[in-house]
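coords-v8.cif (mmCIF, C-alpha atoms) appears below.
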data_final
#
loop_
_atom_site.label_atom_id
_atom_site.label_comp_id
_atom_site.auth_asym_id
_atom_site.auth_seq_id
_atom_site.Cartn_x
_atom_site.Cartn_y
_atom_site.Cartn_z
CA MET J 2 -68.32 -18.20 -46.44
CA ALA J 3 -66.20 -18.22 -43.26
CA ALA J 4 -67.59 -19.94 -40.19
CA PRO J 5 -68.80 -17.57 -37.43
CA MET J 6 -66.10 -16.76 -34.90
CA GLU J 7 -66.71 -17.64 -31.28
CA VAL J 8 -65.25 -15.25 -28.72
CA ALA J 9 -65.04 -15.22 -24.94
CA LEU J 10 -66.01 -12.02 -23.12
CA VAL J 11 -64.34 -11.82 -19.71
CA SER J 12 -64.37 -9.19 -16.97
CA ASP J 13 -62.65 -9.07 -13.59
CA ALA J 14 -62.70 -6.94 -10.46
CA ALA J 15 -59.12 -5.67 -10.86
CA GLY J 16 -58.96 -2.10 -12.12
CA PRO J 17 -60.42 0.44 -14.53
CA LEU J 18 -57.92 0.03 -17.37
CA CYS J 19 -59.72 -2.79 -19.18
CA ASN J 20 -63.33 -3.50 -18.28
CA CYS J 21 -63.91 -6.45 -20.61
CA SER J 22 -61.30 -8.65 -22.31
CA VAL J 23 -62.08 -10.42 -25.59
CA TRP J 24 -60.48 -13.74 -26.58
CA GLU J 25 -60.80 -15.76 -29.76
CA LEU J 26 -62.04 -19.03 -28.36
CA HIS J 27 -60.25 -21.69 -30.41
CA SER J 28 -56.88 -19.97 -30.94
CA GLY J 29 -56.77 -18.23 -27.58
CA SER J 30 -55.49 -15.01 -29.15
CA ALA J 31 -56.34 -11.77 -27.35
CA LEU J 32 -58.47 -9.23 -29.22
CA PRO J 33 -58.94 -5.52 -28.38
CA GLY J 34 -60.92 -5.14 -25.14
CA TYR J 35 -63.35 -2.57 -23.80
CA ARG J 36 -61.94 0.17 -21.59
CA GLY J 37 -63.42 2.07 -18.68
CA GLY J 38 -64.47 0.83 -15.25
CA ASN J 39 -64.98 -2.78 -14.18
CA SER J 40 -68.16 -4.87 -14.27
CA GLY J 41 -69.68 -6.61 -11.28
CA PRO J 42 -70.76 -10.28 -11.07
CA ARG J 43 -73.57 -11.20 -13.51
CA GLY J 44 -73.20 -7.65 -14.79
CA LEU J 45 -72.06 -8.02 -18.43
CA ALA J 46 -74.46 -8.44 -21.38
CA LEU J 47 -74.67 -8.04 -25.15
CA LEU J 48 -77.52 -5.88 -26.41
CA GLY J 49 -78.88 -6.65 -29.87
CA GLY J 50 -75.47 -7.54 -31.31
CA GLU J 51 -74.59 -3.82 -31.43
CA HIS J 52 -73.86 -2.73 -27.84
CA LEU J 53 -72.14 -4.07 -24.75
CA LEU J 54 -73.56 -3.35 -21.30
CA GLY J 55 -71.53 -3.49 -18.09
CA ALA J 56 -72.90 -2.84 -14.59
CA GLN J 57 -70.18 -0.85 -12.84
CA LEU J 58 -68.96 -2.74 -9.77
CA GLY J 59 -70.39 -1.14 -6.61
CA LYS J 60 -71.72 1.91 -8.49
CA SER J 61 -75.18 3.12 -9.48
CA TYR J 62 -74.83 3.09 -13.25
CA ILE J 63 -74.47 0.82 -16.29
CA ASN J 64 -71.70 1.44 -18.84
CA VAL J 65 -72.68 1.22 -22.52
CA TRP J 66 -70.24 0.70 -25.41
CA GLU J 67 -70.83 0.47 -29.12
CA LEU J 68 -69.32 -2.89 -30.06
CA GLN J 69 -66.88 -1.45 -32.61
CA ARG J 70 -65.75 1.47 -30.38
CA LYS J 71 -63.97 -0.37 -27.62
CA ASP J 72 -62.01 2.57 -26.24
CA GLN J 73 -64.92 4.96 -25.68
CA LEU J 74 -68.05 4.73 -23.56
CA GLN J 75 -71.18 5.77 -25.43
CA GLN J 76 -73.26 6.58 -22.34
CA LYS J 77 -74.06 5.64 -18.76
CA ILE J 78 -77.49 4.45 -17.65
CA ILE J 79 -78.05 5.98 -14.21
CA CYS J 80 -79.75 3.68 -11.69
CA PRO J 81 -81.20 4.36 -8.22
CA GLY J 82 -78.61 2.13 -6.55
CA PRO J 83 -75.74 -0.28 -7.21
CA VAL J 84 -76.64 -2.84 -9.89
CA THR J 85 -76.26 -6.40 -8.61
CA CYS J 86 -77.12 -8.20 -11.88
CA LEU J 87 -77.92 -7.33 -15.48
CA THR J 88 -79.26 -8.94 -18.66
CA ALA J 89 -80.71 -7.98 -22.06
CA SER J 90 -83.42 -9.74 -24.03
CA PRO J 91 -82.18 -11.81 -27.00
CA ASN J 92 -84.37 -9.78 -29.36
CA GLY J 93 -82.60 -6.59 -28.23
CA LEU J 94 -85.78 -4.79 -27.12
CA TYR J 95 -85.48 -4.81 -23.32
CA ILE J 96 -82.91 -4.43 -20.53
CA LEU J 97 -83.30 -5.86 -17.02
CA ALA J 98 -81.27 -4.75 -14.01
CA GLY J 99 -81.38 -5.83 -10.38
CA VAL J 100 -81.07 -2.98 -7.87
CA ALA J 101 -81.32 -4.17 -4.25
CA GLU J 102 -84.48 -6.32 -4.16
CA SER J 103 -86.11 -4.62 -7.20
CA ILE J 104 -86.08 -5.50 -10.91
CA TYR J 105 -85.94 -2.56 -13.34
CA LEU J 106 -87.21 -3.05 -16.90
CA TRP J 107 -86.26 -0.59 -19.67
CA GLU J 108 -87.41 -0.45 -23.27
CA VAL J 109 -84.43 0.00 -25.60
CA SER J 110 -86.22 1.81 -28.45
CA ASN J 111 -87.06 4.91 -26.39
CA GLY J 112 -85.30 4.48 -23.03
CA ASN J 113 -88.55 4.35 -21.03
CA LEU J 114 -88.49 2.66 -17.64
CA LEU J 115 -91.53 0.39 -18.07
CA ALA J 116 -91.70 -1.43 -14.74
CA ILE J 117 -90.20 -1.79 -11.29
CA LEU J 118 -90.91 -5.23 -9.84
CA ASN J 119 -90.71 -5.68 -6.08
CA ARG J 120 -91.50 -9.32 -5.35
CA HIS J 121 -88.16 -10.37 -3.84
CA TYR J 122 -87.38 -9.77 -0.19
CA GLN J 123 -83.59 -9.53 -0.43
CA ASP J 124 -81.02 -8.41 -3.02
CA LEU J 125 -81.17 -9.79 -6.56
CA THR J 126 -78.25 -12.03 -7.57
CA CYS J 127 -79.05 -13.11 -11.16
CA LEU J 128 -81.40 -12.50 -14.09
CA CYS J 129 -81.88 -14.28 -17.41
CA PHE J 130 -84.29 -14.31 -20.38
CA THR J 131 -85.66 -17.27 -22.29
CA ASP J 132 -84.31 -17.56 -25.83
CA ASP J 133 -87.52 -16.13 -27.36
CA SER J 134 -87.62 -13.18 -24.91
CA SER J 135 -91.15 -14.12 -23.77
CA HIS J 136 -90.20 -14.87 -20.14
CA PHE J 137 -87.44 -13.94 -17.73
CA LEU J 138 -86.20 -15.44 -14.48
CA SER J 139 -84.90 -13.75 -11.35
CA GLY J 140 -82.97 -15.18 -8.40
CA ALA J 141 -82.14 -13.51 -5.11
CA LYS J 142 -80.67 -13.94 -1.66
CA ASP J 143 -84.18 -14.67 -0.32
CA CYS J 144 -83.77 -18.25 -1.69
CA LEU J 145 -86.50 -17.67 -4.30
CA ALA J 146 -86.36 -17.98 -8.08
CA LEU J 147 -89.26 -16.28 -9.88
CA VAL J 148 -90.50 -16.82 -13.43
CA TRP J 149 -92.05 -13.75 -15.08
CA ASN J 150 -94.19 -13.55 -18.20
CA LEU J 151 -92.97 -10.44 -20.04
CA TYR J 152 -96.37 -9.93 -21.69
CA ASN J 153 -98.11 -9.79 -18.30
CA VAL J 154 -95.51 -7.40 -16.92
CA LEU J 155 -95.99 -5.02 -19.86
CA GLN J 156 -99.79 -5.23 -19.64
CA ALA J 157 -99.93 -4.33 -15.95
CA GLU J 158 -101.02 -0.86 -14.90
CA PRO J 159 -98.23 1.31 -13.44
CA SER J 160 -99.92 1.24 -10.02
CA GLN J 161 -99.99 -2.57 -9.95
CA ILE J 162 -97.18 -5.08 -9.49
CA PRO J 163 -97.86 -8.16 -11.62
CA ASP J 164 -97.62 -11.61 -10.12
CA PRO J 165 -94.83 -13.91 -11.31
CA ARG J 166 -95.92 -16.95 -13.28
CA HIS J 167 -94.11 -19.32 -10.93
CA VAL J 168 -92.42 -19.01 -7.54
CA TRP J 169 -89.73 -21.63 -7.00
CA SER J 170 -89.03 -21.93 -3.28
CA ARG J 171 -87.27 -25.32 -2.98
CA HIS J 172 -83.84 -23.79 -2.22
CA SER J 173 -82.96 -23.15 1.42
CA LEU J 174 -80.08 -20.70 0.89
CA PRO J 175 -79.48 -17.81 -1.56
CA ILE J 176 -79.73 -18.40 -5.30
CA THR J 177 -76.34 -17.86 -6.95
CA ASP J 178 -76.99 -18.45 -10.67
CA LEU J 179 -79.68 -19.14 -13.28
CA CYS J 180 -79.57 -20.65 -16.76
CA CYS J 181 -82.31 -21.11 -19.40
CA GLY J 182 -82.28 -23.74 -22.12
CA PHE J 183 -83.89 -23.50 -25.54
CA GLY J 184 -87.61 -23.69 -26.24
CA GLY J 185 -89.06 -20.35 -25.12
CA PRO J 186 -91.88 -20.93 -22.59
CA LEU J 187 -91.40 -24.70 -22.99
CA ALA J 188 -87.71 -24.54 -22.04
CA ARG J 189 -86.03 -25.97 -18.98
CA ALA J 190 -84.17 -23.79 -16.49
CA ALA J 191 -81.41 -24.57 -14.00
CA THR J 192 -80.84 -22.87 -10.65
CA ALA J 193 -77.79 -23.01 -8.38
CA SER J 194 -77.66 -22.23 -4.67
CA LEU J 195 -75.42 -22.06 -1.63
CA ASP J 196 -77.52 -24.91 -0.19
CA GLN J 197 -75.23 -27.29 -2.17
CA THR J 198 -77.89 -28.14 -4.75
CA ALA J 199 -78.55 -27.44 -8.40
CA LYS J 200 -82.11 -27.91 -9.63
CA LEU J 201 -83.69 -28.32 -13.06
CA TRP J 202 -87.19 -26.95 -13.69
CA GLU J 203 -89.80 -26.87 -16.43
CA ILE J 204 -90.83 -23.28 -17.15
CA SER J 205 -94.27 -24.07 -18.63
CA SER J 206 -95.58 -26.04 -15.64
CA GLY J 207 -93.18 -24.83 -12.94
CA GLU J 208 -92.48 -28.45 -12.03
CA LEU J 209 -89.21 -29.52 -10.44
CA LEU J 210 -87.59 -32.09 -12.74
CA LEU J 211 -84.29 -32.77 -11.00
CA SER J 212 -82.45 -31.87 -7.81
CA VAL J 213 -78.76 -32.76 -7.40
CA LEU J 214 -77.01 -32.53 -4.03
CA PHE J 215 -73.25 -31.83 -3.91
CA ASP J 216 -70.60 -31.66 -1.19
CA VAL J 217 -70.08 -27.90 -1.63
CA GLY J 218 -72.12 -24.79 -2.35
CA ILE J 219 -72.80 -24.21 -6.06
CA MET J 220 -71.87 -20.78 -7.43
CA ALA J 221 -72.49 -21.20 -11.19
CA VAL J 222 -74.58 -23.40 -13.48
CA THR J 223 -75.02 -23.82 -17.24
CA LEU J 224 -76.43 -26.27 -19.79
CA ASP J 225 -74.98 -27.40 -23.10
CA LEU J 226 -77.07 -26.57 -26.18
CA SER J 227 -78.34 -30.13 -26.55
CA GLU J 228 -79.19 -30.18 -22.82
CA TYR J 229 -77.54 -33.57 -22.28
CA HIS J 230 -75.34 -32.19 -19.51
CA MET J 231 -75.59 -29.65 -16.70
CA PHE J 232 -72.32 -28.12 -15.47
CA CYS J 233 -72.10 -26.84 -11.89
CA GLY J 234 -69.24 -24.76 -10.44
CA GLY J 235 -68.46 -25.27 -6.75
CA MET J 236 -67.07 -23.06 -4.01
CA ASP J 237 -63.97 -25.27 -3.81
CA GLY J 238 -63.03 -24.70 -7.47
CA SER J 239 -64.41 -28.00 -8.79
CA ILE J 240 -66.73 -28.17 -11.80
CA PHE J 241 -69.21 -31.05 -11.84
CA GLN J 242 -70.79 -32.57 -14.95
CA VAL J 243 -74.31 -33.94 -14.38
CA ASP J 244 -75.77 -36.25 -17.04
CA LEU J 245 -79.41 -35.30 -17.62
CA CYS J 246 -80.15 -38.44 -19.63
CA ALA J 247 -78.80 -40.91 -17.08
CA TRP J 248 -80.78 -44.06 -16.39
CA PRO J 249 -82.63 -44.83 -14.18
CA VAL J 250 -84.38 -41.45 -13.97
CA GLN J 251 -84.35 -40.03 -10.45
CA ARG J 252 -85.68 -36.65 -9.40
CA ASP J 253 -83.40 -36.47 -6.36
CA ARG J 254 -79.75 -37.39 -6.79
CA THR J 255 -76.56 -37.11 -4.79
CA PHE J 256 -73.38 -36.38 -6.73
CA GLN J 257 -70.73 -38.60 -5.16
CA THR J 258 -67.37 -37.18 -6.20
CA GLU J 259 -65.37 -40.27 -5.35
CA ARG J 260 -67.60 -42.48 -7.51
CA GLU J 261 -67.97 -39.99 -10.38
CA ASN J 262 -64.39 -38.74 -10.54
CA GLY J 263 -64.46 -38.87 -14.35
CA LYS J 264 -67.14 -36.17 -14.35
CA VAL J 265 -65.23 -33.52 -12.40
CA PHE J 266 -63.07 -30.73 -13.86
CA LYS J 267 -60.20 -29.93 -11.48
CA GLY J 268 -57.82 -27.00 -11.77
CA HIS J 269 -59.28 -23.87 -10.16
CA ARG J 270 -57.99 -23.04 -6.68
CA ASN J 271 -60.96 -20.90 -5.60
CA GLN J 272 -64.70 -20.73 -6.17
CA VAL J 273 -65.99 -20.92 -9.74
CA THR J 274 -68.02 -17.81 -10.56
CA CYS J 275 -69.16 -18.35 -14.16
CA LEU J 276 -69.56 -21.12 -16.74
CA SER J 277 -70.34 -21.18 -20.48
CA VAL J 278 -70.39 -23.91 -23.16
CA SER J 279 -69.34 -23.46 -26.80
CA THR J 280 -71.86 -23.74 -29.63
CA ASP J 281 -70.73 -27.22 -30.67
CA GLY J 282 -70.78 -28.48 -27.08
CA SER J 283 -67.11 -29.50 -27.06
CA LEU J 284 -65.58 -26.71 -24.93
CA LEU J 285 -66.36 -25.36 -21.47
CA LEU J 286 -65.27 -21.89 -20.32
CA SER J 287 -64.94 -21.20 -16.59
CA GLY J 288 -64.00 -18.17 -14.53
CA SER J 289 -62.92 -18.18 -10.90
CA HIS J 290 -61.92 -16.06 -7.92
CA ASP J 291 -58.43 -17.50 -8.36
CA GLU J 292 -58.01 -14.79 -11.08
CA THR J 293 -57.96 -17.24 -13.98
CA VAL J 294 -60.22 -18.20 -16.86
CA ARG J 295 -59.86 -21.77 -18.10
CA LEU J 296 -60.94 -23.43 -21.32
CA TRP J 297 -61.71 -27.14 -20.98
CA ASP J 298 -62.23 -30.01 -23.38
CA ILE J 299 -65.49 -31.53 -22.16
CA GLN J 300 -64.80 -35.04 -23.43
CA SER J 301 -61.40 -35.48 -21.80
CA LYS J 302 -61.85 -33.00 -18.90
CA GLN J 303 -58.42 -31.55 -19.78
CA CYS J 304 -57.65 -27.85 -19.44
CA LEU J 305 -56.66 -26.57 -22.90
CA LYS J 306 -55.77 -23.00 -21.98
CA THR J 307 -55.48 -20.81 -18.89
CA MET J 308 -55.87 -17.03 -19.15
CA ASN J 309 -54.58 -15.05 -16.18
CA HIS J 310 -56.27 -11.89 -14.91
CA LYS J 311 -55.39 -9.34 -12.29
CA GLY J 312 -58.44 -9.84 -10.11
CA PRO J 313 -61.31 -12.21 -9.34
CA VAL J 314 -63.21 -13.04 -12.54
CA THR J 315 -66.74 -11.62 -12.40
CA ASN J 316 -68.06 -12.56 -15.87
CA ALA J 317 -67.02 -15.02 -18.58
CA PHE J 318 -69.22 -16.28 -21.40
CA ILE J 319 -68.98 -17.47 -25.00
CA VAL J 320 -70.82 -15.72 -27.87
CA LEU J 321 -70.79 -15.76 -31.64
CA ALA J 322 -68.97 -12.54 -32.51
CA PRO J 323 -71.39 -9.97 -33.98
CA ALA J 324 -70.29 -8.43 -37.28
CA ASN J 325 -69.88 -4.97 -35.74
CA MET J 326 -67.35 -6.17 -33.17
CA PHE J 327 -64.46 -6.17 -35.68
CA ASN J 328 -65.63 -3.49 -38.11
CA PRO J 329 -64.18 -0.10 -37.06
CA GLU J 330 -66.38 1.69 -39.60
CA GLY J 331 -69.60 0.01 -38.49
CA LYS J 332 -72.33 1.86 -36.63
CA PRO J 333 -75.43 0.70 -34.75
CA SER J 334 -78.51 0.55 -36.94
CA VAL J 335 -80.41 2.66 -34.38
CA PRO J 336 -78.68 4.92 -31.83
CA LEU J 337 -79.53 4.30 -28.20
CA PRO J 338 -81.78 6.91 -26.55
CA LYS J 339 -81.24 8.44 -23.14
CA PHE J 340 -82.59 6.02 -20.54
CA SER J 341 -85.10 7.35 -18.04
CA ARG J 342 -84.70 7.21 -14.29
CA HIS J 343 -88.44 7.57 -13.67
CA LEU J 344 -91.19 5.06 -14.23
CA HIS J 345 -92.90 5.63 -17.60
CA GLY J 346 -96.11 7.60 -17.15
CA THR J 347 -95.07 9.22 -13.86
CA GLU J 348 -92.62 11.80 -15.20
CA SER J 349 -93.61 15.01 -16.98
CA SER J 350 -94.35 14.67 -20.68
CA ASP J 351 -92.24 17.81 -21.22
CA GLU J 352 -89.07 15.98 -20.17
CA PRO J 353 -86.50 16.01 -22.97
CA GLY J 354 -86.39 12.71 -24.77
CA ALA J 355 -89.87 11.72 -23.63
CA GLU J 356 -91.10 11.51 -27.18
CA GLY J 357 -90.58 8.34 -29.22
CA VAL J 358 -92.16 5.17 -30.39
CA THR J 359 -93.41 2.86 -27.63
CA LEU J 360 -93.20 -0.83 -28.49
CA ARG J 361 -95.25 -2.57 -25.82
CA LEU J 362 -96.59 -6.03 -26.39
CA GLY J 363 -100.37 -6.01 -26.74
CA LEU J 364 -100.81 -2.29 -26.05
CA HIS J 365 -101.42 0.06 -28.96
CA GLN J 366 -101.84 3.80 -28.73
CA GLN J 367 -105.49 4.79 -29.11
CA GLU J 368 -107.27 8.13 -29.14
CA PRO J 369 -106.84 10.10 -25.87
CA GLY J 370 -109.01 9.09 -22.94
CA GLN J 371 -109.69 5.47 -23.80
CA SER J 372 -107.23 2.60 -23.87
CA TYR J 373 -107.49 -0.66 -25.75
CA LEU J 374 -108.46 -2.51 -22.58
CA GLU J 375 -111.17 0.04 -21.75
CA LYS J 376 -112.66 -0.35 -25.24
CA ALA J 377 -112.68 -4.13 -24.88
CA GLU J 378 -114.38 -3.87 -21.48
CA ARG J 379 -117.07 -1.53 -22.88
CA MET J 380 -117.79 -3.90 -25.79
CA TYR J 381 -118.00 -6.84 -23.40
CA SER J 382 -120.54 -5.05 -21.19
CA GLN J 383 -122.66 -4.12 -24.23
CA MET J 384 -122.69 -7.69 -25.56
CA TYR J 385 -123.96 -9.11 -22.27
CA SER J 386 -126.24 -6.33 -21.10
CA THR J 387 -129.28 -8.14 -22.57
CA ARG J 388 -128.62 -11.17 -20.38
CA GLU J 389 -128.82 -9.43 -17.01
CA LYS J 390 -132.14 -11.09 -16.19
CA ASN J 391 -130.48 -14.50 -16.42
CA LEU J 392 -127.81 -13.63 -13.88
CA VAL J 393 -129.97 -13.79 -10.75
CA GLY J 394 -128.38 -17.07 -9.72
CA ASP J 395 -124.89 -15.63 -10.20
CA GLN J 396 -125.84 -12.59 -8.11
CA GLU J 397 -127.03 -14.81 -5.27
CA HIS J 398 -123.75 -16.73 -5.45
CA LEU J 399 -121.82 -13.47 -5.30
CA THR J 400 -123.87 -12.35 -2.29
CA ILE J 401 -122.92 -15.54 -0.44
CA GLN J 402 -119.26 -15.05 -1.34
CA VAL J 403 -119.33 -11.43 -0.14
CA SER J 404 -120.86 -12.45 3.20
CA GLU J 405 -118.18 -15.11 3.66
CA LEU J 406 -115.44 -12.62 2.88
CA GLU J 407 -116.92 -10.08 5.31
CA GLU J 408 -116.92 -12.73 8.03
CA GLU J 409 -113.29 -13.58 7.29
CA VAL J 410 -112.32 -9.89 7.43
CA SER J 411 -114.08 -9.59 10.78
CA ASN J 412 -112.10 -12.56 12.12
CA LEU J 413 -108.83 -11.10 10.84
CA ARG J 414 -109.61 -7.75 12.51
CA LYS J 415 -110.25 -9.55 15.81
CA ILE J 416 -106.95 -11.45 15.49
CA ASN J 417 -105.14 -8.21 14.66
CA LYS J 418 -106.66 -6.49 17.71
CA ASP J 419 -105.67 -9.40 19.98
CA LEU J 420 -102.10 -9.26 18.65
CA PHE J 421 -102.01 -5.49 19.19
CA ASP J 422 -103.26 -5.82 22.78
CA PHE J 423 -100.76 -8.58 23.50
CA SER J 424 -97.87 -6.54 22.05
CA THR J 425 -98.96 -3.49 24.07
CA ARG J 426 -98.96 -5.46 27.30
CA ILE J 427 -95.49 -6.85 26.60
CA ILE J 428 -94.06 -3.42 25.71
CA THR J 429 -95.62 -1.55 28.62
CA LYS J 430 -94.93 -4.26 31.20
CA PRO J 431 -92.72 -2.69 33.89
CA ALA J 432 -89.24 -4.10 34.23
CA LYS J 433 -88.53 -6.15 37.31
#

Structure translated into structure tokens:
Amino acid sequence: MAAPMEVALVSDAAGPLCNCSVWELHSGSALPGYRGGNSGPRGLALLGGEHLLGAQLGKSYINVWELQRKDQLQQKIICPGPVTCLTASPNGLYILAGVAESIYLWEVSNGNLLAILNRHYQDLTCLCFTDDSSHFLSGAKDCLALVWNLYNVLQAEPSQIPDPRHVWSRHSLPITDLCCGFGGPLARAATASLDQTAKLWEISSGELLLSVLFDVGIMAVTLDLSEYHMFCGGMDGSIFQVDLCAWPVQRDRTFQTERENGKVFKGHRNQVTCLSVSTDGSLLLSGSHDETVRLWDIQSKQCLKTMNHKGPVTNAFIVLAPANMFNPEGKPSVPLPKFSRHLHGTESSDEPGAEGVTLRLGLHQQEPGQSYLEKAERMYSQMYSTREKNLVGDQEHLTIQVSELEEEVSNLRKINKDLFDFSTRIITKPAK
């Protein structure tokens, strides 16, 4: 049986003739690319090994191709604004898109828009899933990286915005890239920022494991599969290799280029925008604003091949080629539905395409009028109704808590009134 073929998927900001180029990684030979439009930064993703998604640069829609039909768009997913970043879950069930400061979550099986998350304060820059699709991470220009539990997001009522599992606020300038290792909720994640640092985190605890300071802003970050090395792409075109198993262990490090010259890849003439490591950990793929994609040998730091493009490279990553990619007769196992522009449950049930199977973690369709959670709550109240006489102490405790909260609310109202009076005096004060 032939070994799986690794390919590089590359997009640039040049023109609409070829959206995504495909290269055979080891031979460097060009394969048929995907036509139509051009994808923005962090805006290219594989969906379930059967479709390719591309967020149109500066436009309010996502292009969708069947992998084997490279010359024809299958559909466009209309969004409420320009898509700044895009990803798909490894299990092929969900799509995430960043639109301004909001995260949009679609379910692939029926096209329903399941959630709109508004916990960032500025535009999204990057999104990524864990390898088991149980969590996803978001980074934005507000300097925050958020970790979300997908189960909690899907369980939340439409009127509520769920809280992220962790809020990472150690960066002082916008987040530029995110990368998740292997291990699902136990994985490690790397973040890159314009504040000249790259940081390594533990998803389960939210703890900061490592912070590395560089001489330049970091635009891209990735880990090799064994997670021995972290690769960071700088604004000056340099690529830095950070050893994660170095001794002695230090949480805060400074990468000194002159002392660690053997751990720097040099060749790009402009900022590095994307990085990806091959499956065997021997090759590094990099894309840059200098309109080139380079393939490096990690051991020797030598550039093996340079692929020229006609514009700044916006996406470049390595994947194992799905079977459908080179089979002209192949078809997706399940056709994609029409994706909704309205939050699920808010649009009319008579809308065409509203019917379908809803695959939501932990929520099963019950008889009308009573959800699974409502049934569980009713059973809980019945089980403990006989113990009400024993809850006098708890009721007294609650009474004390309520009185304390009422006092705090009163203080906040007084502070709010004082601020309002002060602002009114400043605004109405006559000019001298």

Extract, using all atoms listed in the file, all DNA, RNA and protein residues at most 9 Å from Ala101 in chain J, discarding same-chain residues fewer than 5 positions from it, and format them as a PyMOL selection string.
chain J and resi 82-85+123-125

Dump of C-alpha atoms for the selected residues, as an mmCIF file, in the coordinates of the input:
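Generated file (result_11.cif):
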data_model
loop_
_atom_site.group_PDB
_atom_site.id
_atom_site.type_symbol
_atom_site.label_atom_id
_atom_site.label_comp_id
_atom_site.auth_asym_id
_atom_site.auth_seq_id
_atom_site.Cartn_x
_atom_site.Cartn_y
_atom_site.Cartn_z
ATOM 1 C CA GLY J 82 -78.610 2.130 -6.550
ATOM 2 C CA PRO J 83 -75.740 -0.280 -7.210
ATOM 3 C CA VAL J 84 -76.640 -2.840 -9.890
ATOM 4 C CA THR J 85 -76.260 -6.400 -8.610
ATOM 5 C CA GLN J 123 -83.590 -9.530 -0.430
ATOM 6 C CA ASP J 124 -81.020 -8.410 -3.020
ATOM 7 C CA LEU J 125 -81.170 -9.790 -6.560
#

Report as a PyMOL selection string the full result of the PyMOL selection byres ((chain J and resi 9-13) around 8) when it is applied to this structure.
chain J and resi 7-8+14-15+20-26+39-41+45+292+310-320

Target residues per the PyMOL selection byres ((chain J and resi 107-119) around 6), formatted as an mmCIF file with C-alpha atoms, in the coordinates of the input:
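The resulting file, expr39.cif, is shown below:
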data_model
loop_
_atom_site.group_PDB
_atom_site.id
_atom_site.type_symbol
_atom_site.label_atom_id
_atom_site.label_comp_id
_atom_site.auth_asym_id
_atom_site.auth_seq_id
_atom_site.Cartn_x
_atom_site.Cartn_y
_atom_site.Cartn_z
ATOM 1 C CA LEU J 94 -85.780 -4.790 -27.120
ATOM 2 C CA TYR J 95 -85.480 -4.810 -23.320
ATOM 3 C CA ILE J 96 -82.910 -4.430 -20.530
ATOM 4 C CA SER J 103 -86.110 -4.620 -7.200
ATOM 5 C CA ILE J 104 -86.080 -5.500 -10.910
ATOM 6 C CA TYR J 105 -85.940 -2.560 -13.340
ATOM 7 C CA LEU J 106 -87.210 -3.050 -16.900
ATOM 8 C CA ARG J 120 -91.500 -9.320 -5.350
ATOM 9 C CA HIS J 121 -88.160 -10.370 -3.840
ATOM 10 C CA PRO J 338 -81.780 6.910 -26.550
ATOM 11 C CA LYS J 339 -81.240 8.440 -23.140
ATOM 12 C CA PHE J 340 -82.590 6.020 -20.540
ATOM 13 C CA SER J 341 -85.100 7.350 -18.040
ATOM 14 C CA LEU J 344 -91.190 5.060 -14.230
ATOM 15 C CA HIS J 345 -92.900 5.630 -17.600
ATOM 16 C CA GLY J 357 -90.580 8.340 -29.220
#

Go through the shown structure with the PyMOL selection byres ((chain J and resi 185-198) around 9) and write out the matching residues as a VMD selection string.
chain J and resid 131 to 136 138 140 144 146 150 172 to 184 199 to 206 210 212 to 224 228 231 233 to 236

Quick one, how far is CA of Leu245 in chain J from CA of Ser283 in chain J?
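Taking CA of Leu245 in chain J as the start and CA of Ser283 in chain J as the end point, the length is 16.6 Å.
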
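Atom pair CA of Leu97 in chain J / CA of Ile63 in chain J has a distance of 11.1 Å (rounded to one decimal).
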
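Between CA of Leu285 in chain J and CA of Glu261 in chain J lies a distance of 18.4 Å.
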
Mind completing range 167-172 of chain J with N, CA, C and O atoms? Output as a compact mmCIF listing (two decimals), in the frame of the given file, please?
# COMPACT_ATOMS: atom_id res chain seq x y z
N HIS J 167 -94.44 -18.26 -11.88
CA HIS J 167 -94.11 -19.32 -10.93
C HIS J 167 -93.21 -18.75 -9.84
O HIS J 167 -92.41 -17.83 -10.09
N VAL J 168 -93.33 -19.30 -8.65
CA VAL J 168 -92.42 -19.01 -7.54
C VAL J 168 -91.77 -20.32 -7.13
O VAL J 168 -92.44 -21.24 -6.66
N TRP J 169 -90.46 -20.42 -7.35
CA TRP J 169 -89.73 -21.63 -7.00
C TRP J 169 -89.05 -21.42 -5.66
O TRP J 169 -88.13 -20.60 -5.53
N SER J 170 -89.49 -22.16 -4.66
CA SER J 170 -89.03 -21.93 -3.28
C SER J 170 -88.40 -23.18 -2.67
O SER J 170 -88.41 -23.34 -1.45
N ARG J 171 -87.85 -24.07 -3.50
CA ARG J 171 -87.27 -25.32 -2.98
C ARG J 171 -85.85 -25.14 -2.47
O ARG J 171 -85.32 -26.06 -1.84
N HIS J 172 -85.19 -24.01 -2.75
CA HIS J 172 -83.84 -23.79 -2.22
C HIS J 172 -83.93 -23.24 -0.80
O HIS J 172 -84.85 -22.48 -0.47
